[in-house]
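> Here you go, data_33.pdb (PDB, C-alpha atoms):
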ATOM      1  CA  MET S1042       3.209-101.586 -59.588
ATOM      2  CA  SER S1043       0.464-103.456 -61.449
ATOM      3  CA  ALA S1044      -0.509-105.325 -58.261
ATOM      4  CA  LEU S1045      -1.027-101.978 -56.546
ATOM      5  CA  LEU S1046      -3.080-100.483 -59.373
ATOM      6  CA  HIS S1047      -4.860-103.664 -60.408
ATOM      7  CA  PRO S1048      -4.757-106.118 -57.495
ATOM      8  CA  LYS S1049      -5.839-109.675 -58.113
ATOM      9  CA  ILE S1050      -8.581-111.091 -55.899
ATOM     10  CA  SER S1051      -8.967-114.769 -55.094
ATOM     11  CA  VAL S1052     -12.124-116.084 -53.433
ATOM     12  CA  VAL S1053     -11.886-119.116 -51.142
ATOM     13  CA  ILE S1054     -14.999-121.207 -50.439
ATOM     14  CA  PRO S1055     -14.775-124.189 -48.055
ATOM     15  CA  CYS S1056     -17.551-126.638 -48.898
ATOM     16  CA  ASP S1057     -18.763-129.665 -46.957
ATOM     17  CA  ASN S1058     -21.958-131.136 -48.445
ATOM     18  CA  GLY S1059     -23.115-127.742 -49.675
ATOM     19  CA  GLU S1060     -24.808-128.969 -52.860
ATOM     20  CA  ARG S1061     -28.031-127.114 -52.048
ATOM     21  CA  TYR S1062     -26.406-123.699 -51.552
ATOM     22  CA  VAL S1063     -22.953-123.506 -53.148
ATOM     23  CA  GLY S1064     -24.268-122.742 -56.633
ATOM     24  CA  GLU S1065     -26.056-119.615 -55.390
ATOM     25  CA  ALA S1066     -22.956-118.548 -53.470
ATOM     26  CA  ILE S1067     -20.780-118.859 -56.596
ATOM     27  CA  GLN S1068     -23.340-116.999 -58.713
ATOM     28  CA  SER S1069     -23.321-114.070 -56.279
ATOM     29  CA  ILE S1070     -19.508-113.999 -56.495
ATOM     30  CA  LEU S1071     -19.329-114.138 -60.287
ATOM     31  CA  ARG S1072     -21.910-111.334 -60.565
ATOM     32  CA  GLN S1073     -19.676-108.845 -58.784
ATOM     33  CA  SER S1074     -19.348-105.424 -60.410
ATOM     34  CA  ARG S1075     -15.616-105.970 -59.850
ATOM     35  CA  PRO S1076     -15.309-109.684 -60.636
ATOM     36  CA  PRO S1077     -12.738-111.833 -58.811
ATOM     37  CA  ASP S1078      -9.768-113.179 -60.718
ATOM     38  CA  GLU S1079     -10.312-116.717 -59.470
ATOM     39  CA  VAL S1080     -12.651-118.712 -57.233
ATOM     40  CA  LEU S1081     -11.318-121.705 -55.322
ATOM     41  CA  VAL S1082     -13.912-124.132 -53.953
ATOM     42  CA  VAL S1083     -12.254-126.507 -51.501
ATOM     43  CA  ASP S1084     -14.479-129.584 -51.398
ATOM     44  CA  ASP S1085     -13.922-130.920 -47.886
ATOM     45  CA  GLY S1086     -14.858-134.568 -48.373
ATOM     46  CA  SER S1087     -18.428-133.914 -49.514
ATOM     47  CA  THR S1088     -20.586-136.975 -50.153
ATOM     48  CA  ASP S1089     -23.125-135.048 -52.228
ATOM     49  CA  ALA S1090     -22.789-133.312 -55.618
ATOM     50  CA  SER S1091     -21.067-130.180 -54.291
ATOM     51  CA  ALA S1092     -17.958-130.621 -56.458
ATOM     52  CA  LYS S1093     -20.054-131.236 -59.562
ATOM     53  CA  VAL S1094     -22.167-128.128 -58.959
ATOM     54  CA  ALA S1095     -19.090-125.959 -58.438
ATOM     55  CA  GLY S1096     -17.232-127.448 -61.399
ATOM     56  CA  ALA S1097     -20.078-126.591 -63.768
ATOM     57  CA  PHE S1098     -19.235-122.872 -63.603
ATOM     58  CA  GLY S1099     -16.232-123.137 -65.891
ATOM     59  CA  SER S1100     -12.541-122.306 -65.768
ATOM     60  CA  LEU S1101     -12.828-119.309 -63.407
ATOM     61  CA  VAL S1102     -13.921-121.695 -60.636
ATOM     62  CA  ARG S1103     -11.281-124.172 -59.475
ATOM     63  CA  VAL S1104     -12.407-127.151 -57.399
ATOM     64  CA  LEU S1105      -9.868-128.595 -54.960
ATOM     65  CA  SER S1106     -10.861-131.912 -53.408
ATOM     66  CA  GLN S1107      -9.649-133.376 -50.127
ATOM     67  CA  ASP S1108     -10.728-135.758 -47.380
ATOM     68  CA  ASN S1109     -12.940-134.220 -44.707
ATOM     69  CA  ARG S1110     -10.523-132.302 -42.485
ATOM     70  CA  GLY S1111     -12.572-129.289 -41.423
ATOM     71  CA  GLU S1112     -13.079-125.683 -42.496
ATOM     72  CA  SER S1113      -9.727-124.480 -41.169
ATOM     73  CA  VAL S1114      -7.752-126.926 -43.297
ATOM     74  CA  ALA S1115      -9.956-126.140 -46.303
ATOM     75  CA  ARG S1116      -9.497-122.381 -45.968
ATOM     76  CA  ASN S1117      -5.747-122.678 -45.432
ATOM     77  CA  ARG S1118      -5.418-124.835 -48.533
ATOM     78  CA  GLY S1119      -7.384-122.273 -50.504
ATOM     79  CA  ILE S1120      -5.064-119.513 -49.293
ATOM     80  CA  ASP S1121      -1.957-121.536 -50.128
ATOM     81  CA  GLU S1122      -3.112-122.419 -53.652
ATOM     82  CA  SER S1123      -4.488-118.990 -54.513
ATOM     83  CA  THR S1124      -2.657-116.532 -56.760
ATOM     84  CA  GLY S1125      -4.338-113.269 -55.777
ATOM     85  CA  ASP S1126      -2.987-110.277 -53.893
ATOM     86  CA  TRP S1127      -6.147-110.372 -51.776
ATOM     87  CA  ILE S1128      -8.171-113.294 -50.433
ATOM     88  CA  ALA S1129     -11.915-112.936 -49.939
ATOM     89  CA  PHE S1130     -13.663-115.641 -47.912
ATOM     90  CA  CYS S1131     -17.184-116.871 -48.536
ATOM     91  CA  ASP S1132     -18.903-119.839 -46.904
ATOM     92  CA  ALA S1133     -20.726-122.181 -49.262
ATOM     93  CA  ASP S1134     -24.158-121.140 -47.962
ATOM     94  CA  ASP S1135     -23.603-117.364 -47.850
ATOM     95  CA  LEU S1136     -24.199-114.662 -50.470
ATOM     96  CA  TRP S1137     -22.620-111.385 -51.589
ATOM     97  CA  ALA S1138     -24.182-108.154 -52.804
ATOM     98  CA  PRO S1139     -22.969-107.244 -56.348
ATOM     99  CA  THR S1140     -20.796-104.324 -55.173
ATOM    100  CA  LYS S1141     -19.048-106.074 -52.272
ATOM    101  CA  LEU S1142     -15.567-106.483 -53.743
ATOM    102  CA  ALA S1143     -15.600-103.064 -55.417
ATOM    103  CA  GLU S1144     -16.528-101.309 -52.172
ATOM    104  CA  GLN S1145     -13.882-103.202 -50.250
ATOM    105  CA  LEU S1146     -11.131-102.345 -52.726
ATOM    106  CA  ALA S1147     -12.197 -98.698 -52.607
ATOM    107  CA  GLY S1148     -11.631 -98.717 -48.832
ATOM    108  CA  VAL S1149      -8.074-100.064 -48.981
ATOM    109  CA  GLU S1150      -5.308 -97.786 -47.696
ATOM    110  CA  SER S1151      -1.564 -98.392 -47.514
ATOM    111  CA  ASP S1152      -1.770 -99.678 -43.921
ATOM    112  CA  THR S1153      -4.918-101.771 -44.436
ATOM    113  CA  VAL S1154      -4.414-105.509 -43.942
ATOM    114  CA  ALA S1155      -8.077-106.487 -44.249
ATOM    115  CA  VAL S1156     -11.509-105.062 -45.039
ATOM    116  CA  SER S1157     -14.839-106.345 -43.703
ATOM    117  CA  THR S1158     -18.410-105.305 -44.451
ATOM    118  CA  ARG S1159     -21.585-105.330 -42.452
ATOM    119  CA  THR S1160     -23.743-108.439 -42.724
ATOM    120  CA  LEU S1161     -27.379-109.164 -43.450
ATOM    121  CA  ASP S1162     -28.730-112.074 -41.383
ATOM    122  CA  TRP S1163     -31.224-114.174 -43.355
ATOM    123  CA  GLN S1164     -33.429-116.799 -41.746
ATOM    124  CA  ASP S1165     -33.765-119.017 -44.788
ATOM    125  CA  TRP S1166     -37.005-120.848 -44.158
ATOM    126  CA  PRO S1167     -40.685-120.121 -44.951
ATOM    127  CA  ASN S1168     -41.552-116.549 -43.972
ATOM    128  CA  GLY S1169     -37.920-115.959 -42.988
ATOM    129  CA  ILE S1170     -36.702-112.452 -42.291
ATOM    130  CA  LYS S1171     -33.635-110.442 -43.250
ATOM    131  CA  LEU S1172     -32.081-108.035 -40.759
ATOM    132  CA  VAL S1173     -28.865-106.024 -40.784
ATOM    133  CA  ARG S1174     -26.711-107.436 -38.007
ATOM    134  CA  GLU S1175     -25.911-105.251 -35.026
ATOM    135  CA  GLU S1176     -22.126-105.051 -35.013
ATOM    136  CA  PRO S1177     -19.715-103.373 -32.578
ATOM    137  CA  GLU S1178     -17.407-100.526 -33.487
ATOM    138  CA  PRO S1179     -13.852-101.574 -34.442
ATOM    139  CA  ALA S1180     -12.355 -99.996 -31.310
ATOM    140  CA  THR S1181     -14.269-102.528 -29.162
ATOM    141  CA  TRP S1182     -13.629-105.628 -31.271
ATOM    142  CA  PHE S1183     -11.146-107.311 -28.921
ATOM    143  CA  ASP S1184     -13.382-107.339 -25.824
ATOM    144  CA  PHE S1185     -16.417-108.146 -27.965
ATOM    145  CA  MET S1186     -14.681-111.231 -29.314
ATOM    146  CA  LEU S1187     -13.826-112.453 -25.832
ATOM    147  CA  GLU S1188     -17.337-112.015 -24.441
ATOM    148  CA  VAL S1189     -19.692-112.425 -27.398
ATOM    149  CA  GLY S1190     -17.954-113.830 -30.452
ATOM    150  CA  ALA S1191     -16.865-112.706 -33.902
ATOM    151  CA  PRO S1192     -17.634-109.002 -34.519
ATOM    152  CA  PHE S1193     -18.374-109.713 -38.194
ATOM    153  CA  GLN S1194     -18.926-112.719 -40.436
ATOM    154  CA  ILE S1195     -15.962-114.392 -42.097
ATOM    155  CA  SER S1196     -17.860-114.234 -45.412
ATOM    156  CA  SER S1197     -17.618-110.447 -45.263
ATOM    157  CA  LEU S1198     -13.819-110.443 -44.988
ATOM    158  CA  MET S1199     -11.105-109.706 -47.565
ATOM    159  CA  VAL S1200      -7.456-109.952 -46.436
ATOM    160  CA  ARG S1201      -4.002-109.484 -47.905
ATOM    161  CA  ARG S1202      -2.702-112.867 -49.026
ATOM    162  CA  GLU S1203       0.784-112.117 -47.662
ATOM    163  CA  LEU S1204      -0.412-112.011 -44.031
ATOM    164  CA  PRO S1205       1.198-114.495 -41.609
ATOM    165  CA  VAL S1206      -2.233-115.461 -40.278
ATOM    166  CA  ARG S1207      -3.810-118.861 -40.777
ATOM    167  CA  PHE S1208      -6.841-120.719 -39.442
ATOM    168  CA  ASP S1209      -6.161-122.989 -36.465
ATOM    169  CA  GLU S1210      -6.422-126.541 -37.800
ATOM    170  CA  GLY S1211      -6.556-128.024 -34.310
ATOM    171  CA  ILE S1212     -10.105-126.866 -33.550
ATOM    172  CA  ARG S1213     -13.458-127.486 -35.243
ATOM    173  CA  TYR S1214     -15.454-124.734 -33.545
ATOM    174  CA  GLY S1215     -14.358-121.156 -32.937
ATOM    175  CA  GLU S1216     -11.723-121.204 -35.681
ATOM    176  CA  ASP S1217     -13.127-118.023 -37.248
ATOM    177  CA  LEU S1218     -12.912-116.227 -33.914
ATOM    178  CA  ILE S1219      -9.315-117.270 -33.259
ATOM    179  CA  TYR S1220      -8.365-116.211 -36.791
ATOM    180  CA  LEU S1221      -9.907-112.760 -36.208
ATOM    181  CA  LEU S1222      -8.180-112.373 -32.830
ATOM    182  CA  ASN S1223      -4.866-112.956 -34.582
ATOM    183  CA  LEU S1224      -5.830-110.760 -37.542
ATOM    184  CA  ILE S1225      -6.492-107.582 -35.555
ATOM    185  CA  ARG S1226      -3.024-107.870 -34.005
ATOM    186  CA  VAL S1227      -1.131-107.690 -37.325
ATOM    187  CA  GLY S1228      -2.534-104.452 -38.725
ATOM    188  CA  LYS S1229      -5.483-102.224 -39.532
ATOM    189  CA  VAL S1230      -8.784-103.901 -40.326
ATOM    190  CA  LYS S1231     -11.234-101.500 -41.975
ATOM    191  CA  ARG S1232     -14.985-101.904 -42.240
ATOM    192  CA  VAL S1233     -17.249-100.875 -45.094
ATOM    193  CA  ASP S1234     -20.359 -99.517 -43.419
ATOM    194  CA  GLN S1235     -22.773-101.334 -45.735
ATOM    195  CA  ALA S1236     -24.427-104.754 -45.458
ATOM    196  CA  LEU S1237     -22.819-106.406 -48.489
ATOM    197  CA  SER S1238     -22.606-109.976 -47.200
ATOM    198  CA  THR S1239     -25.577-112.211 -46.368
ATOM    199  CA  TYR S1240     -25.315-114.883 -43.672
ATOM    200  CA  ARG S1241     -27.849-117.573 -44.465
ATOM    201  CA  MET S1242     -29.222-119.268 -41.336
ATOM    202  CA  HIS S1243     -30.792-122.673 -41.913
ATOM    203  CA  PRO S1244     -31.307-125.899 -39.919
ATOM    204  CA  LYS S1245     -27.999-127.396 -41.077
ATOM    205  CA  SER S1246     -25.875-124.359 -40.188
ATOM    206  CA  GLN S1247     -22.972-125.198 -37.867
ATOM    207  CA  SER S1248     -24.346-122.868 -35.194
ATOM    208  CA  LYS S1249     -27.685-124.694 -35.350
ATOM    209  CA  SER S1250     -26.289-128.208 -35.185
ATOM    210  CA  ARG S1251     -24.435-128.175 -31.861
ATOM    211  CA  ARG S1252     -25.508-127.880 -28.242
ATOM    212  CA  LEU S1253     -23.547-125.807 -25.781
ATOM    213  CA  VAL S1254     -21.293-124.241 -28.380
ATOM    214  CA  ALA S1255     -20.300-121.784 -25.629
ATOM    215  CA  LEU S1256     -18.091-124.497 -24.089
ATOM    216  CA  ASP S1257     -16.237-125.207 -27.351
ATOM    217  CA  TRP S1258     -15.943-121.479 -27.955
ATOM    218  CA  HIS S1259     -14.631-120.724 -24.465
ATOM    219  CA  ARG S1260     -12.107-123.551 -24.566
ATOM    220  CA  ALA S1261     -10.660-122.172 -27.819
ATOM    221  CA  VAL S1262     -10.520-118.603 -26.455
ATOM    222  CA  ASP S1263      -8.933-119.686 -23.165
ATOM    223  CA  GLU S1264      -6.220-121.611 -25.001
ATOM    224  CA  TRP S1265      -5.580-118.592 -27.240
ATOM    225  CA  LEU S1266      -5.176-116.313 -24.215
ATOM    226  CA  GLN S1267      -2.703-118.713 -22.622
ATOM    227  CA  GLN S1268      -0.690-119.086 -25.833
ATOM    228  CA  ASN S1269      -0.378-115.302 -26.179
ATOM    229  CA  GLU S1270       0.351-114.471 -22.528
ATOM    230  CA  ALA S1271       3.912-113.353 -23.278
ATOM    231  CA  GLU S1272       2.655-110.650 -25.633
ATOM    232  CA  LEU S1273      -0.595-109.724 -23.867
ATOM    233  CA  GLY S1274       0.733-109.760 -20.319
ATOM    234  CA  ARG S1275      -0.607-111.683 -17.337
ATOM    235  CA  SER S1276      -3.020-108.974 -16.220
ATOM    236  CA  GLU S1277      -4.581-108.749 -19.688
ATOM    237  CA  VAL S1278      -4.915-112.530 -19.880
ATOM    238  CA  ASP S1279      -6.675-112.602 -16.496
ATOM    239  CA  ARG S1280      -8.956-109.769 -17.582
ATOM    240  CA  GLY S1281      -9.663-111.600 -20.841
ATOM    241  CA  ARG S1282     -10.648-114.725 -18.943
ATOM    242  CA  ARG S1283     -13.063-112.764 -16.778
ATOM    243  CA  VAL S1284     -14.627-111.186 -19.843
ATOM    244  CA  ALA S1285     -14.876-114.513 -21.688
ATOM    245  CA  GLY S1286     -16.380-116.152 -18.617
ATOM    246  CA  LYS S1287     -19.520-114.042 -18.897
ATOM    247  CA  ARG S1288     -20.646-116.113 -21.865
ATOM    248  CA  ILE S1289     -20.291-119.323 -19.871
ATOM    249  CA  ALA S1290     -22.448-117.930 -17.070
ATOM    250  CA  ALA S1291     -25.030-116.820 -19.640
ATOM    251  CA  ALA S1292     -25.126-120.341 -21.098
ATOM    252  CA  ALA S1293     -25.742-121.752 -17.614
ATOM    253  CA  TRP S1294     -28.661-119.430 -16.933
ATOM    254  CA  LYS S1295     -30.122-120.132 -20.366
ATOM    255  CA  ALA S1296     -30.088-123.862 -19.640
ATOM    256  CA  TYR S1297     -31.549-123.229 -16.186
ATOM    257  CA  TYR S1298     -34.544-121.267 -17.436
ATOM    258  CA  ALA S1299     -35.104-123.827 -20.191
ATOM    259  CA  ARG S1300     -34.892-126.599 -17.570
ATOM    260  CA  ASP S1301     -32.222-128.258 -19.630
ATOM    261  CA  TRP S1302     -30.635-129.924 -16.626
ATOM    262  CA  GLU S1303     -28.190-132.002 -18.646
ATOM    263  CA  SER S1304     -26.716-128.909 -20.283
ATOM    264  CA  LEU S1305     -26.621-127.035 -16.982
ATOM    265  CA  ALA S1306     -24.708-129.884 -15.366
ATOM    266  CA  ARG S1307     -22.204-129.888 -18.220
ATOM    267  CA  VAL S1308     -21.579-126.152 -17.884
ATOM    268  CA  GLN S1309     -21.166-126.412 -14.120
ATOM    269  CA  GLU S1310     -18.742-129.318 -14.446
ATOM    270  CA  TYR S1311     -16.770-127.437 -17.095
ATOM    271  CA  CYS S1312     -16.327-124.480 -14.760
ATOM    272  CA  ARG S1313     -15.317-126.677 -11.830
ATOM    273  CA  THR S1314     -12.514-128.161 -13.927
ATOM    274  CA  GLN S1315     -11.315-124.805 -15.245
ATOM    275  CA  ALA S1316      -9.184-123.098 -12.594
ATOM    276  CA  ALA S1317      -9.615-119.703 -14.266
ATOM    277  CA  ASN S1318     -13.377-119.914 -13.900
ATOM    278  CA  LEU S1319     -13.849-121.123 -10.334
ATOM    279  CA  ASP S1320     -15.428-117.766  -9.452
ATOM    280  CA  LEU S1321     -18.100-118.367 -12.086
ATOM    281  CA  VAL S1322     -19.563-121.168 -10.000
ATOM    282  CA  LYS S1323     -20.675-118.490  -7.523
ATOM    283  CA  VAL S1324     -22.745-116.594 -10.104
ATOM    284  CA  MET S1325     -24.244-119.579 -11.893
ATOM    285  CA  PRO S1326     -27.458-121.315 -10.849
ATOM    286  CA  GLN S1327     -26.605-124.098  -8.420
ATOM    287  CA  ARG S1328     -29.837-125.326  -6.911
ATOM    288  CA  ARG S1329     -32.487-127.332  -8.699
ATOM    289  CA  PHE S1330     -35.920-127.154  -7.116
ATOM    290  CA  PRO S1331     -38.684-129.778  -7.375
ATOM    291  CA  GLU S1332     -40.528-129.563 -10.691
ATOM    292  CA  PHE S1333     -43.787-128.310  -9.138
ATOM    293  CA  VAL S1334     -41.992-125.113  -8.018
ATOM    294  CA  TYR S1335     -41.233-124.252 -11.649
ATOM    295  CA  GLN S1336     -44.780-125.114 -12.707
ATOM    296  CA  VAL S1337     -46.190-122.697 -10.129
ATOM    297  CA  HIS S1338     -43.709-120.052 -11.286
ATOM    298  CA  ASP S1339     -44.780-120.547 -14.912
ATOM    299  CA  ARG S1340     -48.473-120.170 -14.022
ATOM    300  CA  GLN S1341     -47.795-116.975 -12.100
ATOM    301  CA  ARG S1342     -45.905-115.481 -15.023
ATOM    302  CA  SER S1343     -48.669-116.532 -17.393
ATOM    303  CA  TRP S1344     -51.317-114.897 -15.209
ATOM    304  CA  ALA S1345     -49.248-111.731 -14.951
ATOM    305  CA  ARG S1346     -49.145-111.427 -18.736
ATOM    306  CA  THR S1347     -52.923-111.786 -19.141
TER     307      THR S1347
END
Please, can you express the file's structure as structure tokens?

Amino acid sequence: MSALLHPKISVVIPCDNGERYVGEAIQSILRQSRPPDEVLVVDDGSTDASAKVAGAFGSLVRVLSQDNRGESVARNRGIDESTGDWIAFCDADDLWAPTKLAEQLAGVESDTVAVSTRTLDWQDWPNGIKLVREEPEPATWFDFMLEVGAPFQISSLMVRRELPVRFDEGIRYGEDLIYLLNLIRVGKVKRVDQALSTYRMHPKSQSKSRRLVALDWHRAVDEWLQQNEAELGRSEVDRGRRVAGKRIAAAAWKAYYARDWESLARVQEYCRTQAANLDLVKVMPQRRFPEFVYQVHDRQRSWART
């Protein structure tokens, strides 16, 4: 009964060389109007002072050290070693508003397996801006995940610890998305309609450090669809592949207009080797014109704007 009336909350923070940011993340967590019962920082093989920074916060913050094995392994270890009834995730470079946990607990119902919040995107560099992220309605989350990506940030999420859902340790990109695809299938995920989590964008963010993340993302989604064909049904898997393929085509056109021929070639080759996406070759740019054609096109567009 006490767990129902006074649930314990554990916070899990995966940290890989987050010395510059992890202290601020922990401070925002400890300043909650409804404080967590424990904070687990999983130091994923950091070579900087991340563990030292986290350990300086005292007994409420537990630092777990391991070799570098990726965010999925780090988060799963945090879940396994936590003692709370609920697990709240926070990346080492993200921040929480002071009322985040209290508002999430207030939204819990008997059939709720998880609660998310809206997110504030913060471009953390000189003259950076903060904007509330445009997020889809829960009823559209599945298709949104296949075509666009995660419908909310993992740092906004609080889940029941007892859930049979874990992060896929076999992938290094798209693990959040696959986790969320599995999460929405096990029960009701509610959303607090307030921006209580801040996603800090900076040059070392994972999304900023990789080219053609759409390929890694699509590969993970395609494998997930195949693995769940028995439950989803063949027609739904085929539909899911068509929806997910739109992002690949968009990546091709983006590379084309940027004249990033190497990236365009990689996208085209990826689609040629993926049987489910052979039709995408028809809608992607195929022909590369001589450079002077693009220069003339650029001048015409420039003149049209003046």
> Taking the file above as input, evaluate the PyMOL selection byres ((chain S and resi 1146) around 12) and report the hits as a PDB file with C-alpha atoms, in the frame of the given file.

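Contents of selection.pdb, as written:
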ATOM      1  CA  LEU S1045      -1.027-101.978 -56.546  1.00  0.00           C
ATOM      2  CA  LEU S1046      -3.080-100.483 -59.373  1.00  0.00           C
ATOM      3  CA  HIS S1047      -4.860-103.664 -60.408  1.00  0.00           C
ATOM      4  CA  PRO S1048      -4.757-106.118 -57.495  1.00  0.00           C
ATOM      5  CA  LYS S1049      -5.839-109.675 -58.113  1.00  0.00           C
ATOM      6  CA  ILE S1050      -8.581-111.091 -55.899  1.00  0.00           C
ATOM      7  CA  SER S1074     -19.348-105.424 -60.410  1.00  0.00           C
ATOM      8  CA  ARG S1075     -15.616-105.970 -59.850  1.00  0.00           C
ATOM      9  CA  PRO S1076     -15.309-109.684 -60.636  1.00  0.00           C
ATOM     10  CA  PRO S1077     -12.738-111.833 -58.811  1.00  0.00           C
ATOM     11  CA  ASP S1126      -2.987-110.277 -53.893  1.00  0.00           C
ATOM     12  CA  TRP S1127      -6.147-110.372 -51.776  1.00  0.00           C
ATOM     13  CA  ILE S1128      -8.171-113.294 -50.433  1.00  0.00           C
ATOM     14  CA  ALA S1129     -11.915-112.936 -49.939  1.00  0.00           C
ATOM     15  CA  THR S1140     -20.796-104.324 -55.173  1.00  0.00           C
ATOM     16  CA  LYS S1141     -19.048-106.074 -52.272  1.00  0.00           C
ATOM     17  CA  LEU S1142     -15.567-106.483 -53.743  1.00  0.00           C
ATOM     18  CA  ALA S1143     -15.600-103.064 -55.417  1.00  0.00           C
ATOM     19  CA  GLU S1144     -16.528-101.309 -52.172  1.00  0.00           C
ATOM     20  CA  GLN S1145     -13.882-103.202 -50.250  1.00  0.00           C
ATOM     21  CA  ALA S1147     -12.197 -98.698 -52.607  1.00  0.00           C
ATOM     22  CA  GLY S1148     -11.631 -98.717 -48.832  1.00  0.00           C
ATOM     23  CA  VAL S1149      -8.074-100.064 -48.981  1.00  0.00           C
ATOM     24  CA  GLU S1150      -5.308 -97.786 -47.696  1.00  0.00           C
ATOM     25  CA  SER S1151      -1.564 -98.392 -47.514  1.00  0.00           C
ATOM     26  CA  THR S1153      -4.918-101.771 -44.436  1.00  0.00           C
ATOM     27  CA  VAL S1154      -4.414-105.509 -43.942  1.00  0.00           C
ATOM     28  CA  ALA S1155      -8.077-106.487 -44.249  1.00  0.00           C
ATOM     29  CA  VAL S1156     -11.509-105.062 -45.039  1.00  0.00           C
ATOM     30  CA  SER S1157     -14.839-106.345 -43.703  1.00  0.00           C
ATOM     31  CA  THR S1158     -18.410-105.305 -44.451  1.00  0.00           C
ATOM     32  CA  LEU S1198     -13.819-110.443 -44.988  1.00  0.00           C
ATOM     33  CA  MET S1199     -11.105-109.706 -47.565  1.00  0.00           C
ATOM     34  CA  VAL S1200      -7.456-109.952 -46.436  1.00  0.00           C
ATOM     35  CA  ARG S1201      -4.002-109.484 -47.905  1.00  0.00           C
ATOM     36  CA  LYS S1231     -11.234-101.500 -41.975  1.00  0.00           C
ATOM     37  CA  ARG S1232     -14.985-101.904 -42.240  1.00  0.00           C
ATOM     38  CA  VAL S1233     -17.249-100.875 -45.094  1.00  0.00           C
TER      39      VAL S1233
END
> Go through S:Leu1266, S:Val1094, S:Leu1305, S:Ala1255 and flag the residue nearest Arg1282 in chain S, using all atoms listed in the file for the distances.
S:Leu1266
> Which neighbours of Lys1171 in chain S fall inside 8 Å, counting only C-alpha atoms, when residues of the same chain fewer than 3 positions from it are skipped, and could you give them as a PyMOL selection string?
chain S and resi 1161-1164
> Run the PyMOL selection byres ((chain S and resi 1218) around 10) on the file and write out the hits as a compact mmCIF listing (two decimals) with C-alpha atoms, in the frame of the given file.

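Result file is result_13.txt:
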# COMPACT_ATOMS: atom_id res chain seq x y z
CA MET S 1186 -14.68 -111.23 -29.31
CA LEU S 1187 -13.83 -112.45 -25.83
CA GLY S 1190 -17.95 -113.83 -30.45
CA ALA S 1191 -16.86 -112.71 -33.90
CA PRO S 1192 -17.63 -109.00 -34.52
CA PHE S 1193 -18.37 -109.71 -38.19
CA GLN S 1194 -18.93 -112.72 -40.44
CA ILE S 1195 -15.96 -114.39 -42.10
CA PHE S 1208 -6.84 -120.72 -39.44
CA ASP S 1209 -6.16 -122.99 -36.47
CA TYR S 1214 -15.45 -124.73 -33.54
CA GLY S 1215 -14.36 -121.16 -32.94
CA GLU S 1216 -11.72 -121.20 -35.68
CA ASP S 1217 -13.13 -118.02 -37.25
CA ILE S 1219 -9.32 -117.27 -33.26
CA TYR S 1220 -8.36 -116.21 -36.79
CA LEU S 1221 -9.91 -112.76 -36.21
CA LEU S 1222 -8.18 -112.37 -32.83
CA ASN S 1223 -4.87 -112.96 -34.58
CA LEU S 1224 -5.83 -110.76 -37.54
CA TRP S 1258 -15.94 -121.48 -27.96
CA ALA S 1261 -10.66 -122.17 -27.82
CA VAL S 1262 -10.52 -118.60 -26.46
> Selected by the PyMOL selection byres ((chain S and resi 1287-1299) around 7) in the shown coordinates: which residues, as a list in words?
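That expression, the PyMOL selection byres ((chain S and resi 1287-1299) around 7), corresponds here to Glu1188, Val1189, Ala1255, Arg1283, Val1284, Ala1285, Gly1286, Arg1300, Asp1301, Trp1302, Ser1304, Leu1305, Val1308, Leu1321, Met1325 and Pro1326 of chain S.
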> For those residues, write C-alpha atoms to a file as a PDB file, in the coordinates of the input.

ATOM      1  CA  GLU S1188     -17.337-112.015 -24.441  1.00  0.00           C
ATOM      2  CA  VAL S1189     -19.692-112.425 -27.398  1.00  0.00           C
ATOM      3  CA  ALA S1255     -20.300-121.784 -25.629  1.00  0.00           C
ATOM      4  CA  ARG S1283     -13.063-112.764 -16.778  1.00  0.00           C
ATOM      5  CA  VAL S1284     -14.627-111.186 -19.843  1.00  0.00           C
ATOM      6  CA  ALA S1285     -14.876-114.513 -21.688  1.00  0.00           C
ATOM      7  CA  GLY S1286     -16.380-116.152 -18.617  1.00  0.00           C
ATOM      8  CA  ARG S1300     -34.892-126.599 -17.570  1.00  0.00           C
ATOM      9  CA  ASP S1301     -32.222-128.258 -19.630  1.00  0.00           C
ATOM     10  CA  TRP S1302     -30.635-129.924 -16.626  1.00  0.00           C
ATOM     11  CA  SER S1304     -26.716-128.909 -20.283  1.00  0.00           C
ATOM     12  CA  LEU S1305     -26.621-127.035 -16.982  1.00  0.00           C
ATOM     13  CA  VAL S1308     -21.579-126.152 -17.884  1.00  0.00           C
ATOM     14  CA  LEU S1321     -18.100-118.367 -12.086  1.00  0.00           C
ATOM     15  CA  MET S1325     -24.244-119.579 -11.893  1.00  0.00           C
ATOM     16  CA  PRO S1326     -27.458-121.315 -10.849  1.00  0.00           C
TER      17      PRO S1326
END
> I'd like the contact shell of Ser1091 in chain S - 8 Å cut-off, only C-alpha atoms, skipping same-chain residues fewer than 3 positions apart - returned as a compact mmCIF listing (two decimals) with C-alpha atoms, keeping the file's coordinate frame.

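Okay, selection38.txt is ready:
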# COMPACT_ATOMS: atom_id res chain seq x y z
CA CYS S 1056 -17.55 -126.64 -48.90
CA ASP S 1057 -18.76 -129.66 -46.96
CA ASN S 1058 -21.96 -131.14 -48.44
CA GLY S 1059 -23.12 -127.74 -49.68
CA GLU S 1060 -24.81 -128.97 -52.86
CA ARG S 1061 -28.03 -127.11 -52.05
CA VAL S 1063 -22.95 -123.51 -53.15
CA ASP S 1084 -14.48 -129.58 -51.40
CA SER S 1087 -18.43 -133.91 -49.51
CA THR S 1088 -20.59 -136.98 -50.15
CA VAL S 1094 -22.17 -128.13 -58.96
CA ALA S 1095 -19.09 -125.96 -58.44
> Hey, what's within 9 Å of Arg1116 in chain S if we count all atoms listed in the file and toss same-chain stuff fewer than 4 positions away? As a list in words, please?
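The residues that qualify are Val1053, Ile1054, Pro1055, Val1083, Gly1111, Glu1112, Ile1120, Asp1121, Phe1130, Arg1207 and Phe1208 of chain S.
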